[in-house]
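Asks: Input file: start-v9.cif. Contents: mmCIF, N, CA and C atoms.
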```cif
data_target
loop_
_atom_site.label_atom_id
_atom_site.label_comp_id
_atom_site.auth_asym_id
_atom_site.auth_seq_id
_atom_site.Cartn_x
_atom_site.Cartn_y
_atom_site.Cartn_z
N GLU M 1 0.84 -1.18 0.00
CA GLU M 1 0.00 0.00 0.00
C GLU M 1 0.88 1.24 0.00
N ASP M 2 0.30 2.34 -0.34
CA ASP M 2 1.03 3.59 -0.41
C ASP M 2 1.65 3.92 0.95
N ASP M 3 2.85 4.47 0.94
CA ASP M 3 3.53 4.75 2.20
C ASP M 3 3.34 6.17 2.71
N GLU M 4 2.39 6.89 2.17
CA GLU M 4 2.09 8.23 2.67
C GLU M 4 1.34 8.12 4.00
N ALA M 5 1.59 9.08 4.89
CA ALA M 5 0.97 9.05 6.22
C ALA M 5 -0.56 9.02 6.14
N ILE M 6 -1.13 9.75 5.19
CA ILE M 6 -2.59 9.80 5.09
C ILE M 6 -3.17 8.41 4.82
N MET M 7 -2.45 7.59 4.07
CA MET M 7 -2.91 6.21 3.81
C MET M 7 -2.95 5.41 5.12
N TYR M 8 -1.94 5.63 5.95
CA TYR M 8 -1.90 4.94 7.24
C TYR M 8 -3.11 5.33 8.08
N PHE M 9 -3.34 6.63 8.21
CA PHE M 9 -4.43 7.08 9.08
C PHE M 9 -5.81 6.79 8.50
N ASP M 10 -5.97 6.88 7.20
CA ASP M 10 -7.29 6.68 6.59
C ASP M 10 -7.63 5.21 6.34
N PHE M 11 -6.62 4.38 6.06
CA PHE M 11 -6.91 3.01 5.66
C PHE M 11 -6.31 1.94 6.57
N LEU M 12 -5.02 2.05 6.88
CA LEU M 12 -4.37 1.00 7.65
C LEU M 12 -4.78 1.00 9.13
N LEU M 13 -4.71 2.15 9.77
CA LEU M 13 -5.04 2.22 11.19
C LEU M 13 -6.46 1.74 11.48
N PRO M 14 -7.46 2.14 10.72
CA PRO M 14 -8.80 1.60 11.00
C PRO M 14 -8.86 0.07 10.88
N ARG M 15 -8.15 -0.50 9.91
CA ARG M 15 -8.14 -1.97 9.77
C ARG M 15 -7.42 -2.63 10.94
N ILE M 16 -6.33 -2.04 11.39
CA ILE M 16 -5.60 -2.58 12.55
C ILE M 16 -6.49 -2.56 13.78
N LYS M 17 -7.17 -1.43 14.01
CA LYS M 17 -8.06 -1.31 15.17
C LYS M 17 -9.19 -2.34 15.12
N LYS M 18 -9.72 -2.58 13.92
CA LYS M 18 -10.81 -3.55 13.77
C LYS M 18 -10.32 -4.97 14.02
N GLN M 19 -9.13 -5.30 13.48
CA GLN M 19 -8.61 -6.65 13.62
C GLN M 19 -8.10 -6.93 15.03
N TYR M 20 -7.61 -5.91 15.72
CA TYR M 20 -7.05 -6.07 17.07
C TYR M 20 -7.73 -5.10 18.02
N PRO M 21 -8.96 -5.37 18.42
CA PRO M 21 -9.72 -4.41 19.23
C PRO M 21 -9.12 -4.16 20.61
N ASP M 22 -8.29 -5.07 21.12
CA ASP M 22 -7.69 -4.88 22.44
C ASP M 22 -6.36 -4.13 22.38
N LEU M 23 -5.89 -3.81 21.19
CA LEU M 23 -4.63 -3.10 21.03
C LEU M 23 -4.78 -1.66 21.50
N LYS M 24 -3.88 -1.23 22.38
CA LYS M 24 -3.91 0.13 22.89
C LYS M 24 -3.28 1.06 21.87
N VAL M 25 -4.04 2.04 21.40
CA VAL M 25 -3.56 3.02 20.43
C VAL M 25 -3.74 4.40 21.06
N TYR M 26 -2.66 5.16 21.07
CA TYR M 26 -2.71 6.53 21.59
C TYR M 26 -2.82 7.48 20.41
N GLU M 27 -3.82 8.35 20.46
CA GLU M 27 -4.01 9.32 19.39
C GLU M 27 -4.23 10.69 20.01
N GLY M 28 -3.80 11.70 19.30
CA GLY M 28 -4.02 13.04 19.82
C GLY M 28 -3.69 14.08 18.78
N ILE M 29 -4.09 15.29 19.07
CA ILE M 29 -3.77 16.43 18.23
C ILE M 29 -2.84 17.32 19.05
N GLN M 30 -1.67 17.55 18.51
CA GLN M 30 -0.69 18.39 19.17
C GLN M 30 -0.92 19.84 18.80
N LYS M 31 -1.04 20.68 19.80
CA LYS M 31 -1.28 22.11 19.57
C LYS M 31 0.04 22.87 19.63
N PRO M 32 0.09 24.07 19.08
CA PRO M 32 1.32 24.86 19.11
C PRO M 32 1.87 24.97 20.53
N GLY M 33 3.18 24.76 20.64
CA GLY M 33 3.85 24.86 21.93
C GLY M 33 3.86 23.58 22.74
N GLU M 34 3.10 22.57 22.33
CA GLU M 34 3.06 21.31 23.06
C GLU M 34 4.16 20.37 22.57
N VAL M 35 4.54 19.47 23.44
CA VAL M 35 5.57 18.49 23.14
C VAL M 35 4.99 17.10 23.32
N ILE M 36 5.33 16.21 22.42
CA ILE M 36 4.93 14.81 22.56
C ILE M 36 6.20 13.98 22.67
N PHE M 37 6.26 13.15 23.69
CA PHE M 37 7.39 12.24 23.88
C PHE M 37 6.98 10.85 23.42
N VAL M 38 7.76 10.29 22.52
CA VAL M 38 7.51 8.94 22.03
C VAL M 38 8.68 8.08 22.52
N PRO M 39 8.43 7.12 23.39
CA PRO M 39 9.53 6.28 23.89
C PRO M 39 10.22 5.51 22.77
N GLY M 40 11.47 5.17 22.99
CA GLY M 40 12.24 4.42 22.01
C GLY M 40 11.55 3.12 21.64
N ASP M 41 11.65 2.75 20.40
CA ASP M 41 11.09 1.52 19.84
C ASP M 41 9.57 1.50 19.76
N TRP M 42 8.91 2.61 20.02
CA TRP M 42 7.46 2.65 19.84
C TRP M 42 7.16 2.99 18.39
N TRP M 43 6.32 2.19 17.77
CA TRP M 43 5.86 2.52 16.43
C TRP M 43 4.98 3.75 16.55
N HIS M 44 5.13 4.65 15.59
CA HIS M 44 4.29 5.84 15.62
C HIS M 44 4.15 6.42 14.22
N GLY M 45 3.08 7.13 14.04
CA GLY M 45 2.83 7.81 12.78
C GLY M 45 2.42 9.24 13.08
N VAL M 46 2.77 10.12 12.18
CA VAL M 46 2.46 11.54 12.36
C VAL M 46 1.83 12.06 11.07
N LEU M 47 0.75 12.78 11.22
CA LEU M 47 0.12 13.44 10.09
C LEU M 47 0.10 14.94 10.40
N ASN M 48 0.82 15.70 9.62
CA ASN M 48 0.84 17.16 9.81
C ASN M 48 -0.35 17.76 9.07
N ARG M 49 -1.20 18.43 9.81
CA ARG M 49 -2.39 19.02 9.21
C ARG M 49 -2.12 20.40 8.65
N GLU M 50 -1.00 20.98 9.01
CA GLU M 50 -0.56 22.28 8.51
C GLU M 50 0.95 22.22 8.34
N ASP M 51 1.52 23.27 7.74
CA ASP M 51 2.98 23.35 7.69
C ASP M 51 3.50 23.32 9.13
N THR M 52 4.58 22.60 9.32
CA THR M 52 5.07 22.43 10.68
C THR M 52 6.57 22.23 10.69
N VAL M 53 7.15 22.43 11.84
CA VAL M 53 8.57 22.15 12.07
C VAL M 53 8.63 21.10 13.16
N ALA M 54 9.38 20.04 12.91
CA ALA M 54 9.52 18.98 13.91
C ALA M 54 10.97 18.91 14.35
N VAL M 55 11.16 18.71 15.63
CA VAL M 55 12.49 18.50 16.18
C VAL M 55 12.46 17.13 16.85
N THR M 56 13.34 16.26 16.40
CA THR M 56 13.39 14.93 16.99
C THR M 56 14.77 14.69 17.56
N GLN M 57 14.84 13.82 18.52
CA GLN M 57 16.11 13.51 19.15
C GLN M 57 16.13 12.03 19.50
N ASN M 58 17.16 11.35 19.06
CA ASN M 58 17.38 9.98 19.47
C ASN M 58 18.45 10.02 20.55
N TYR M 59 18.24 9.27 21.60
CA TYR M 59 19.13 9.32 22.75
C TYR M 59 19.96 8.05 22.86
N CYS M 60 21.25 8.24 23.08
CA CYS M 60 22.14 7.15 23.43
C CYS M 60 23.10 7.67 24.47
N GLY M 61 23.12 7.02 25.61
CA GLY M 61 24.02 7.42 26.69
C GLY M 61 24.60 6.19 27.34
N PRO M 62 25.40 6.38 28.37
CA PRO M 62 26.00 5.23 29.04
C PRO M 62 24.98 4.22 29.56
N ASP M 63 23.80 4.72 29.93
CA ASP M 63 22.77 3.85 30.51
C ASP M 63 22.11 2.93 29.49
N ASN M 64 22.09 3.30 28.21
CA ASN M 64 21.43 2.45 27.22
C ASN M 64 22.35 2.11 26.04
N PHE M 65 23.64 2.36 26.19
CA PHE M 65 24.57 2.16 25.08
C PHE M 65 24.52 0.73 24.55
N ASP M 66 24.53 -0.27 25.42
CA ASP M 66 24.57 -1.66 24.97
C ASP M 66 23.37 -2.00 24.08
N VAL M 67 22.20 -1.58 24.48
CA VAL M 67 20.99 -1.84 23.70
C VAL M 67 21.04 -1.12 22.36
N VAL M 68 21.46 0.14 22.38
CA VAL M 68 21.52 0.93 21.14
C VAL M 68 22.58 0.35 20.20
N TRP M 69 23.74 -0.03 20.74
CA TRP M 69 24.80 -0.57 19.89
C TRP M 69 24.35 -1.88 19.23
N LYS M 70 23.75 -2.79 19.99
CA LYS M 70 23.29 -4.07 19.42
C LYS M 70 22.29 -3.84 18.31
N LYS M 71 21.37 -2.94 18.53
CA LYS M 71 20.33 -2.68 17.53
C LYS M 71 20.93 -2.01 16.29
N THR M 72 21.83 -1.06 16.50
CA THR M 72 22.42 -0.33 15.38
C THR M 72 23.30 -1.24 14.53
N ARG M 73 24.14 -2.05 15.16
CA ARG M 73 25.04 -2.90 14.39
C ARG M 73 24.26 -3.94 13.57
N LYS M 74 23.09 -4.30 14.04
CA LYS M 74 22.26 -5.28 13.34
C LYS M 74 21.43 -4.64 12.23
N GLU M 75 20.82 -3.51 12.53
CA GLU M 75 19.84 -2.93 11.62
C GLU M 75 20.39 -1.83 10.71
N ARG M 76 21.50 -1.23 11.08
CA ARG M 76 22.06 -0.12 10.31
C ARG M 76 23.56 -0.34 10.18
N GLU M 77 23.94 -1.28 9.34
CA GLU M 77 25.34 -1.69 9.27
C GLU M 77 26.30 -0.56 8.91
N LYS M 78 25.93 0.25 7.94
CA LYS M 78 26.83 1.34 7.54
C LYS M 78 26.94 2.38 8.65
N VAL M 79 25.83 2.73 9.26
CA VAL M 79 25.85 3.68 10.37
C VAL M 79 26.71 3.12 11.51
N ALA M 80 26.58 1.84 11.79
CA ALA M 80 27.36 1.21 12.87
C ALA M 80 28.85 1.28 12.55
N TYR M 81 29.21 1.02 11.31
CA TYR M 81 30.62 1.09 10.91
C TYR M 81 31.16 2.51 11.12
N LEU M 82 30.43 3.50 10.64
CA LEU M 82 30.87 4.89 10.77
C LEU M 82 30.93 5.31 12.24
N TRP M 83 29.95 4.88 13.01
CA TRP M 83 29.91 5.21 14.43
C TRP M 83 31.11 4.58 15.15
N LEU M 84 31.38 3.32 14.85
CA LEU M 84 32.50 2.62 15.48
C LEU M 84 33.83 3.32 15.13
N ARG M 85 33.96 3.70 13.87
CA ARG M 85 35.17 4.40 13.44
C ARG M 85 35.35 5.72 14.21
N ASN M 86 34.26 6.44 14.41
CA ASN M 86 34.34 7.69 15.16
C ASN M 86 34.54 7.45 16.65
N MET M 87 33.98 6.37 17.18
CA MET M 87 34.23 6.04 18.58
C MET M 87 35.72 5.81 18.80
N LYS M 88 36.34 5.10 17.88
CA LYS M 88 37.78 4.80 18.01
C LYS M 88 38.58 6.09 18.09
N LYS M 89 38.18 7.08 17.31
CA LYS M 89 38.90 8.35 17.24
C LYS M 89 38.57 9.28 18.41
N PHE M 90 37.29 9.38 18.74
CA PHE M 90 36.85 10.40 19.70
C PHE M 90 36.47 9.87 21.08
N SER M 91 36.20 8.59 21.19
CA SER M 91 35.79 8.01 22.48
C SER M 91 36.32 6.59 22.59
N PRO M 92 37.62 6.45 22.82
CA PRO M 92 38.23 5.12 22.85
C PRO M 92 37.58 4.16 23.86
N SER M 93 37.07 4.67 24.96
CA SER M 93 36.44 3.78 25.94
C SER M 93 35.14 3.18 25.39
N LEU M 94 34.36 3.97 24.66
CA LEU M 94 33.16 3.42 24.03
C LEU M 94 33.53 2.46 22.91
N TYR M 95 34.57 2.77 22.18
CA TYR M 95 35.05 1.86 21.13
C TYR M 95 35.40 0.50 21.74
N GLU M 96 36.13 0.52 22.85
CA GLU M 96 36.48 -0.74 23.51
C GLU M 96 35.24 -1.48 24.00
N ARG M 97 34.27 -0.74 24.51
CA ARG M 97 33.02 -1.36 24.98
C ARG M 97 32.28 -2.02 23.83
N ALA M 98 32.19 -1.32 22.68
CA ALA M 98 31.48 -1.86 21.52
C ALA M 98 32.20 -3.08 20.95
N THR M 99 33.51 -2.99 20.81
CA THR M 99 34.25 -4.13 20.24
C THR M 99 34.25 -5.31 21.20
N ALA M 100 34.25 -5.06 22.50
CA ALA M 100 34.15 -6.15 23.48
C ALA M 100 32.80 -6.85 23.35
N MET M 101 31.74 -6.08 23.16
CA MET M 101 30.41 -6.68 22.96
C MET M 101 30.40 -7.52 21.69
N ASN M 102 31.01 -7.00 20.63
CA ASN M 102 31.07 -7.75 19.37
C ASN M 102 31.79 -9.08 19.56
N ARG M 103 32.93 -9.04 20.26
CA ARG M 103 33.68 -10.29 20.50
C ARG M 103 32.85 -11.24 21.35
N ARG M 104 32.23 -10.73 22.41
CA ARG M 104 31.44 -11.57 23.30
C ARG M 104 30.29 -12.27 22.56
N ASP M 105 29.66 -11.52 21.64
CA ASP M 105 28.51 -12.05 20.89
C ASP M 105 28.93 -12.75 19.60
N ASN M 106 30.24 -12.83 19.34
CA ASN M 106 30.74 -13.42 18.10
C ASN M 106 30.14 -12.70 16.89
N PHE M 107 30.03 -11.38 17.00
CA PHE M 107 29.43 -10.56 15.95
C PHE M 107 30.53 -9.96 15.09
N ARG M 108 30.40 -10.13 13.80
CA ARG M 108 31.36 -9.54 12.87
C ARG M 108 30.68 -8.41 12.11
N MET M 109 31.32 -7.25 12.16
CA MET M 109 30.84 -6.09 11.42
C MET M 109 30.98 -6.36 9.93
N ARG M 110 30.26 -5.61 9.12
CA ARG M 110 30.27 -5.82 7.67
C ARG M 110 31.69 -5.78 7.10
N HIS M 111 32.51 -4.86 7.57
CA HIS M 111 33.88 -4.75 7.05
C HIS M 111 34.78 -5.90 7.51
N GLU M 112 34.31 -6.71 8.46
CA GLU M 112 35.08 -7.85 8.95
C GLU M 112 34.66 -9.17 8.30
N ARG M 113 33.56 -9.15 7.55
CA ARG M 113 33.05 -10.37 6.91
C ARG M 113 33.55 -10.46 5.48
N PRO M 114 33.63 -11.67 4.93
CA PRO M 114 33.99 -11.80 3.52
C PRO M 114 33.00 -11.02 2.65
N LYS M 115 33.50 -10.47 1.56
CA LYS M 115 32.65 -9.69 0.65
C LYS M 115 31.43 -10.51 0.23
N GLY M 116 30.27 -9.91 0.32
CA GLY M 116 29.03 -10.58 -0.07
C GLY M 116 28.37 -11.38 1.03
N GLU M 117 29.07 -11.64 2.13
CA GLU M 117 28.45 -12.40 3.23
C GLU M 117 27.55 -11.48 4.02
N ARG M 118 26.32 -11.88 4.19
CA ARG M 118 25.34 -11.07 4.91
C ARG M 118 25.24 -11.54 6.34
N LEU M 119 24.62 -10.75 7.19
CA LEU M 119 24.50 -11.12 8.59
C LEU M 119 23.85 -12.48 8.78
N SER M 120 22.83 -12.79 7.98
CA SER M 120 22.15 -14.07 8.14
C SER M 120 23.07 -15.24 7.82
N ASP M 121 24.14 -14.99 7.03
CA ASP M 121 25.11 -16.03 6.69
C ASP M 121 26.27 -16.07 7.67
N ALA M 122 26.51 -14.96 8.37
CA ALA M 122 27.69 -14.84 9.22
C ALA M 122 27.49 -15.57 10.54
N SER M 123 28.58 -15.80 11.23
CA SER M 123 28.51 -16.47 12.53
C SER M 123 28.10 -15.46 13.59
N SER M 124 26.82 -15.16 13.62
CA SER M 124 26.27 -14.20 14.55
C SER M 124 24.86 -14.61 14.88
N SER M 125 24.43 -14.25 16.07
CA SER M 125 23.05 -14.55 16.46
C SER M 125 22.08 -13.53 15.92
N SER M 126 22.58 -12.50 15.26
CA SER M 126 21.72 -11.44 14.74
C SER M 126 21.20 -11.81 13.37
N SER M 127 20.10 -11.19 13.00
CA SER M 127 19.57 -11.38 11.66
C SER M 127 19.76 -10.11 10.87
N GLU M 128 19.88 -10.22 9.57
CA GLU M 128 20.15 -9.08 8.71
C GLU M 128 18.86 -8.37 8.37
N SER M 129 18.85 -7.07 8.60
CA SER M 129 17.67 -6.29 8.21
C SER M 129 18.07 -4.89 7.80
N SER M 130 19.30 -4.71 7.38
CA SER M 130 19.79 -3.38 7.06
C SER M 130 19.38 -2.95 5.67
N SER M 131 19.05 -1.69 5.55
CA SER M 131 18.77 -1.14 4.23
C SER M 131 20.01 -0.45 3.68
N ASP M 132 21.10 -0.48 4.43
CA ASP M 132 22.33 0.14 4.00
C ASP M 132 23.02 -0.76 2.99
N SER M 133 23.00 -0.38 1.73
CA SER M 133 23.57 -1.23 0.70
C SER M 133 24.74 -0.59 -0.02
N THR M 134 25.09 0.61 0.37
CA THR M 134 26.20 1.27 -0.28
C THR M 134 27.49 0.93 0.43
N SER M 135 28.60 1.31 -0.17
CA SER M 135 29.90 0.99 0.43
C SER M 135 30.10 1.77 1.71
N ASP M 136 31.05 1.30 2.51
CA ASP M 136 31.32 1.93 3.81
C ASP M 136 32.06 3.24 3.69
N GLU M 137 32.69 3.50 2.60
CA GLU M 137 33.48 4.73 2.46
C GLU M 137 32.75 5.74 1.61
#
```
In structure tokens, write the structure found in this file.
Replies:
Amino acid sequence: EDDEAIMYFDFLLPRIKKQYPDLKVYEGIQKPGEVIFVPGDWWHGVLNREDTVAVTQNYCGPDNFDVVWKKTRKEREKVAYLWLRNMKKFSPSLYERATAMNRRDNFRMRHERPKGERLSDASSSSSESSSDSTSDE
């Protein structure tokens, strides 16, 4: 189906609500000056009824680094590679933490696997779901 937000709100959401009547769905209209917090990993959709400016922020800190790193290395391979490279340069302690997790989980980053080998083929407990298909450089 079409991936425009209006299709979700007009066609998909009503079908989801009908098929899963016990599913909790939060809906609301945000007024000027109001803020909506969406917790990490919550599916959400937004329909702007007027011209608008959105400010979003993804959070990663010492308290959730392990969860964020595992998810990023699995789902966003190129981003994970670039992040790891920058950690090595700017935050060696985080780099060591990430590479220790990779060793512990027997996880090989894309640049460490033979060319053409995907996560589902590699010796890792993770499954491949990355849309990153361009080169790392």
Asks: Can you measure CA of Phe37 in chain M to atom N of Thr72 in chain M for me? One decimal in Å is fine.
Replies: 21.0 Å
Asks: Considering only N, CA and C atoms, state which residue in the set M:Arg97, M:Asp41, M:Val35, M:Phe9 is at the smallest distance from Asp66 in chain M.
Replies: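 Of M:Arg97, M:Asp41, M:Val35, M:Phe9, the one nearest Asp66 in chain M is M:Arg97, counting only N, CA and C atoms.
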Asks: Counting only C-alpha atoms, which residue out of M:Leu119, M:Val67, M:Gly45, M:Asn86 sits closest to Asp10 in chain M?
Replies: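 Looking at the shortest contact to Asp10 in chain M, the residue is M:Gly45.
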Asks: From a DSSP calculation on the backbone, collect every residue of range 5-75 of chain M in alpha helix (DSSP H) and output the set as a list in words.
Replies: Ala5, Ile6, Met7, Leu13, Pro14, Arg15, Ile16, Lys17, Lys18, Gln19, Phe65, Asp66, Val67, Val68, Trp69, Lys70, Lys71, Thr72, Arg73, Lys74 and Glu75 of chain M
Asks: Using only N, CA and C atoms, please write the residues we just selected to a file, as an mmCIF file, keeping the file's coordinate frame.
Replies:
```
data_model
loop_
_atom_site.group_PDB
_atom_site.id
_atom_site.type_symbol
_atom_site.label_atom_id
_atom_site.label_comp_id
_atom_site.auth_asym_id
_atom_site.auth_seq_id
_atom_site.Cartn_x
_atom_site.Cartn_y
_atom_site.Cartn_z
ATOM 1 N N ALA M 5 1.590 9.080 4.890
ATOM 2 C CA ALA M 5 0.970 9.050 6.220
ATOM 3 C C ALA M 5 -0.560 9.020 6.140
ATOM 4 N N ILE M 6 -1.130 9.750 5.190
ATOM 5 C CA ILE M 6 -2.590 9.800 5.090
ATOM 6 C C ILE M 6 -3.170 8.410 4.820
ATOM 7 N N MET M 7 -2.450 7.590 4.070
ATOM 8 C CA MET M 7 -2.910 6.210 3.810
ATOM 9 C C MET M 7 -2.950 5.410 5.120
ATOM 10 N N LEU M 13 -4.710 2.150 9.770
ATOM 11 C CA LEU M 13 -5.040 2.220 11.190
ATOM 12 C C LEU M 13 -6.460 1.740 11.480
ATOM 13 N N PRO M 14 -7.460 2.140 10.720
ATOM 14 C CA PRO M 14 -8.800 1.600 11.000
ATOM 15 C C PRO M 14 -8.860 0.070 10.880
ATOM 16 N N ARG M 15 -8.150 -0.500 9.910
ATOM 17 C CA ARG M 15 -8.140 -1.970 9.770
ATOM 18 C C ARG M 15 -7.420 -2.630 10.940
ATOM 19 N N ILE M 16 -6.330 -2.040 11.390
ATOM 20 C CA ILE M 16 -5.600 -2.580 12.550
ATOM 21 C C ILE M 16 -6.490 -2.560 13.780
ATOM 22 N N LYS M 17 -7.170 -1.430 14.010
ATOM 23 C CA LYS M 17 -8.060 -1.310 15.170
ATOM 24 C C LYS M 17 -9.190 -2.340 15.120
ATOM 25 N N LYS M 18 -9.720 -2.580 13.920
ATOM 26 C CA LYS M 18 -10.810 -3.550 13.770
ATOM 27 C C LYS M 18 -10.320 -4.970 14.020
ATOM 28 N N GLN M 19 -9.130 -5.300 13.480
ATOM 29 C CA GLN M 19 -8.610 -6.650 13.620
ATOM 30 C C GLN M 19 -8.100 -6.930 15.030
ATOM 31 N N PHE M 65 23.640 2.360 26.190
ATOM 32 C CA PHE M 65 24.570 2.160 25.080
ATOM 33 C C PHE M 65 24.520 0.730 24.550
ATOM 34 N N ASP M 66 24.530 -0.270 25.420
ATOM 35 C CA ASP M 66 24.570 -1.660 24.970
ATOM 36 C C ASP M 66 23.370 -2.000 24.080
ATOM 37 N N VAL M 67 22.200 -1.580 24.480
ATOM 38 C CA VAL M 67 20.990 -1.840 23.700
ATOM 39 C C VAL M 67 21.040 -1.120 22.360
ATOM 40 N N VAL M 68 21.460 0.140 22.380
ATOM 41 C CA VAL M 68 21.520 0.930 21.140
ATOM 42 C C VAL M 68 22.580 0.350 20.200
ATOM 43 N N TRP M 69 23.740 -0.030 20.740
ATOM 44 C CA TRP M 69 24.800 -0.570 19.890
ATOM 45 C C TRP M 69 24.350 -1.880 19.230
ATOM 46 N N LYS M 70 23.750 -2.790 19.990
ATOM 47 C CA LYS M 70 23.290 -4.070 19.420
ATOM 48 C C LYS M 70 22.290 -3.840 18.310
ATOM 49 N N LYS M 71 21.370 -2.940 18.530
ATOM 50 C CA LYS M 71 20.330 -2.680 17.530
ATOM 51 C C LYS M 71 20.930 -2.010 16.290
ATOM 52 N N THR M 72 21.830 -1.060 16.500
ATOM 53 C CA THR M 72 22.420 -0.330 15.380
ATOM 54 C C THR M 72 23.300 -1.240 14.530
ATOM 55 N N ARG M 73 24.140 -2.050 15.160
ATOM 56 C CA ARG M 73 25.040 -2.900 14.390
ATOM 57 C C ARG M 73 24.260 -3.940 13.570
ATOM 58 N N LYS M 74 23.090 -4.300 14.040
ATOM 59 C CA LYS M 74 22.260 -5.280 13.340
ATOM 60 C C LYS M 74 21.430 -4.640 12.230
ATOM 61 N N GLU M 75 20.820 -3.510 12.530
ATOM 62 C CA GLU M 75 19.840 -2.930 11.620
ATOM 63 C C GLU M 75 20.390 -1.830 10.710
#
```
Asks: For range 110-112 of chain M, find every residue with an atom within 8 Å (counting all atoms listed in the file), except residues of its own chain fewer than 2 positions away, and show them as an MDAnalysis selection string.
Replies: chainID M and resid 73 77:78 80:81 107:108 114:115 117:119 136
Asks: Please report the interatomic distance between CA of Glu34 in chain M and CA of Tyr59 in chain M in Å with one decimal.
Replies: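 Interatomic distance, CA of Glu34 in chain M to CA of Tyr59 in chain M: 20.1 Å.
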Asks: Go ahead and compute the interatomic distance for CA of Arg103 in chain M and CA of Trp69 in chain M, in Å to one decimal.
Replies: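 The value is 13.2 Å.
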Asks: When you count only N, CA and C atoms, which of these residues is closest to Ile6 in chain M: M:Ala100, M:Leu47, M:Val68, M:Val55?
Replies: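 Ranking M:Ala100, M:Leu47, M:Val68, M:Val55 by distance to Ile6 in chain M, first place goes to M:Leu47.
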Asks: Check which residues satisfy the PyMOL selection byres (((chain M and resi 48 and name CA) around 12) and name CA) in the file shown, then give them as a compact mmCIF listing (two decimals) with N, CA and C atoms, keeping the file's coordinate frame.
Replies:
```txt
# COMPACT_ATOMS: atom_id res chain seq x y z
N GLU M 4 2.39 6.89 2.17
CA GLU M 4 2.09 8.23 2.67
C GLU M 4 1.34 8.12 4.00
N ALA M 5 1.59 9.08 4.89
CA ALA M 5 0.97 9.05 6.22
C ALA M 5 -0.56 9.02 6.14
N ILE M 6 -1.13 9.75 5.19
CA ILE M 6 -2.59 9.80 5.09
C ILE M 6 -3.17 8.41 4.82
N PHE M 9 -3.34 6.63 8.21
CA PHE M 9 -4.43 7.08 9.08
C PHE M 9 -5.81 6.79 8.50
N GLY M 28 -3.80 11.70 19.30
CA GLY M 28 -4.02 13.04 19.82
C GLY M 28 -3.69 14.08 18.78
N ILE M 29 -4.09 15.29 19.07
CA ILE M 29 -3.77 16.43 18.23
C ILE M 29 -2.84 17.32 19.05
N GLN M 30 -1.67 17.55 18.51
CA GLN M 30 -0.69 18.39 19.17
C GLN M 30 -0.92 19.84 18.80
N LYS M 31 -1.04 20.68 19.80
CA LYS M 31 -1.28 22.11 19.57
C LYS M 31 0.04 22.87 19.63
N GLY M 45 3.08 7.13 14.04
CA GLY M 45 2.83 7.81 12.78
C GLY M 45 2.42 9.24 13.08
N VAL M 46 2.77 10.12 12.18
CA VAL M 46 2.46 11.54 12.36
C VAL M 46 1.83 12.06 11.07
N LEU M 47 0.75 12.78 11.22
CA LEU M 47 0.12 13.44 10.09
C LEU M 47 0.10 14.94 10.40
N ARG M 49 -1.20 18.43 9.81
CA ARG M 49 -2.39 19.02 9.21
C ARG M 49 -2.12 20.40 8.65
N GLU M 50 -1.00 20.98 9.01
CA GLU M 50 -0.56 22.28 8.51
C GLU M 50 0.95 22.22 8.34
N ASP M 51 1.52 23.27 7.74
CA ASP M 51 2.98 23.35 7.69
C ASP M 51 3.50 23.32 9.13
N THR M 52 4.58 22.60 9.32
CA THR M 52 5.07 22.43 10.68
C THR M 52 6.57 22.23 10.69
N VAL M 53 7.15 22.43 11.84
CA VAL M 53 8.57 22.15 12.07
C VAL M 53 8.63 21.10 13.16
N ALA M 54 9.38 20.04 12.91
CA ALA M 54 9.52 18.98 13.91
C ALA M 54 10.97 18.91 14.35
```
Asks: Identify, on the basis of all atoms listed in the file, every residue whose closest approach to Tyr95 in chain M does not exceed 8 Å; exclude the query and any residue fewer than 5 positions from it along the same chain; express the result as a PDB file with N, CA and C atoms, in the coordinates of the input.
Replies:
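This is the output file result30.pdb:
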```
ATOM      1  N   TRP M  83      29.950   4.880  13.010  1.00  0.00           N
ATOM      2  CA  TRP M  83      29.910   5.210  14.430  1.00  0.00           C
ATOM      3  C   TRP M  83      31.110   4.580  15.150  1.00  0.00           C
ATOM      4  N   LEU M  84      31.380   3.320  14.850  1.00  0.00           N
ATOM      5  CA  LEU M  84      32.500   2.620  15.480  1.00  0.00           C
ATOM      6  C   LEU M  84      33.830   3.320  15.130  1.00  0.00           C
ATOM      7  N   ARG M  85      33.960   3.700  13.870  1.00  0.00           N
ATOM      8  CA  ARG M  85      35.170   4.400  13.440  1.00  0.00           C
ATOM      9  C   ARG M  85      35.350   5.720  14.210  1.00  0.00           C
ATOM     10  N   ASN M  86      34.260   6.440  14.410  1.00  0.00           N
ATOM     11  CA  ASN M  86      34.340   7.690  15.160  1.00  0.00           C
ATOM     12  C   ASN M  86      34.540   7.450  16.650  1.00  0.00           C
ATOM     13  N   MET M  87      33.980   6.370  17.180  1.00  0.00           N
ATOM     14  CA  MET M  87      34.230   6.040  18.580  1.00  0.00           C
ATOM     15  C   MET M  87      35.720   5.810  18.800  1.00  0.00           C
ATOM     16  N   LYS M  88      36.340   5.100  17.880  1.00  0.00           N
ATOM     17  CA  LYS M  88      37.780   4.800  18.010  1.00  0.00           C
ATOM     18  C   LYS M  88      38.580   6.090  18.090  1.00  0.00           C
ATOM     19  N   LYS M  89      38.180   7.080  17.310  1.00  0.00           N
ATOM     20  CA  LYS M  89      38.900   8.350  17.240  1.00  0.00           C
ATOM     21  C   LYS M  89      38.570   9.280  18.410  1.00  0.00           C
ATOM     22  N   PHE M  90      37.290   9.380  18.740  1.00  0.00           N
ATOM     23  CA  PHE M  90      36.850  10.400  19.700  1.00  0.00           C
ATOM     24  C   PHE M  90      36.470   9.870  21.080  1.00  0.00           C
ATOM     25  N   ALA M 100      34.250  -5.060  22.500  1.00  0.00           N
ATOM     26  CA  ALA M 100      34.150  -6.150  23.480  1.00  0.00           C
ATOM     27  C   ALA M 100      32.800  -6.850  23.350  1.00  0.00           C
ATOM     28  N   MET M 101      31.740  -6.080  23.160  1.00  0.00           N
ATOM     29  CA  MET M 101      30.410  -6.680  22.960  1.00  0.00           C
ATOM     30  C   MET M 101      30.400  -7.520  21.690  1.00  0.00           C
TER      31      MET M 101
END
```
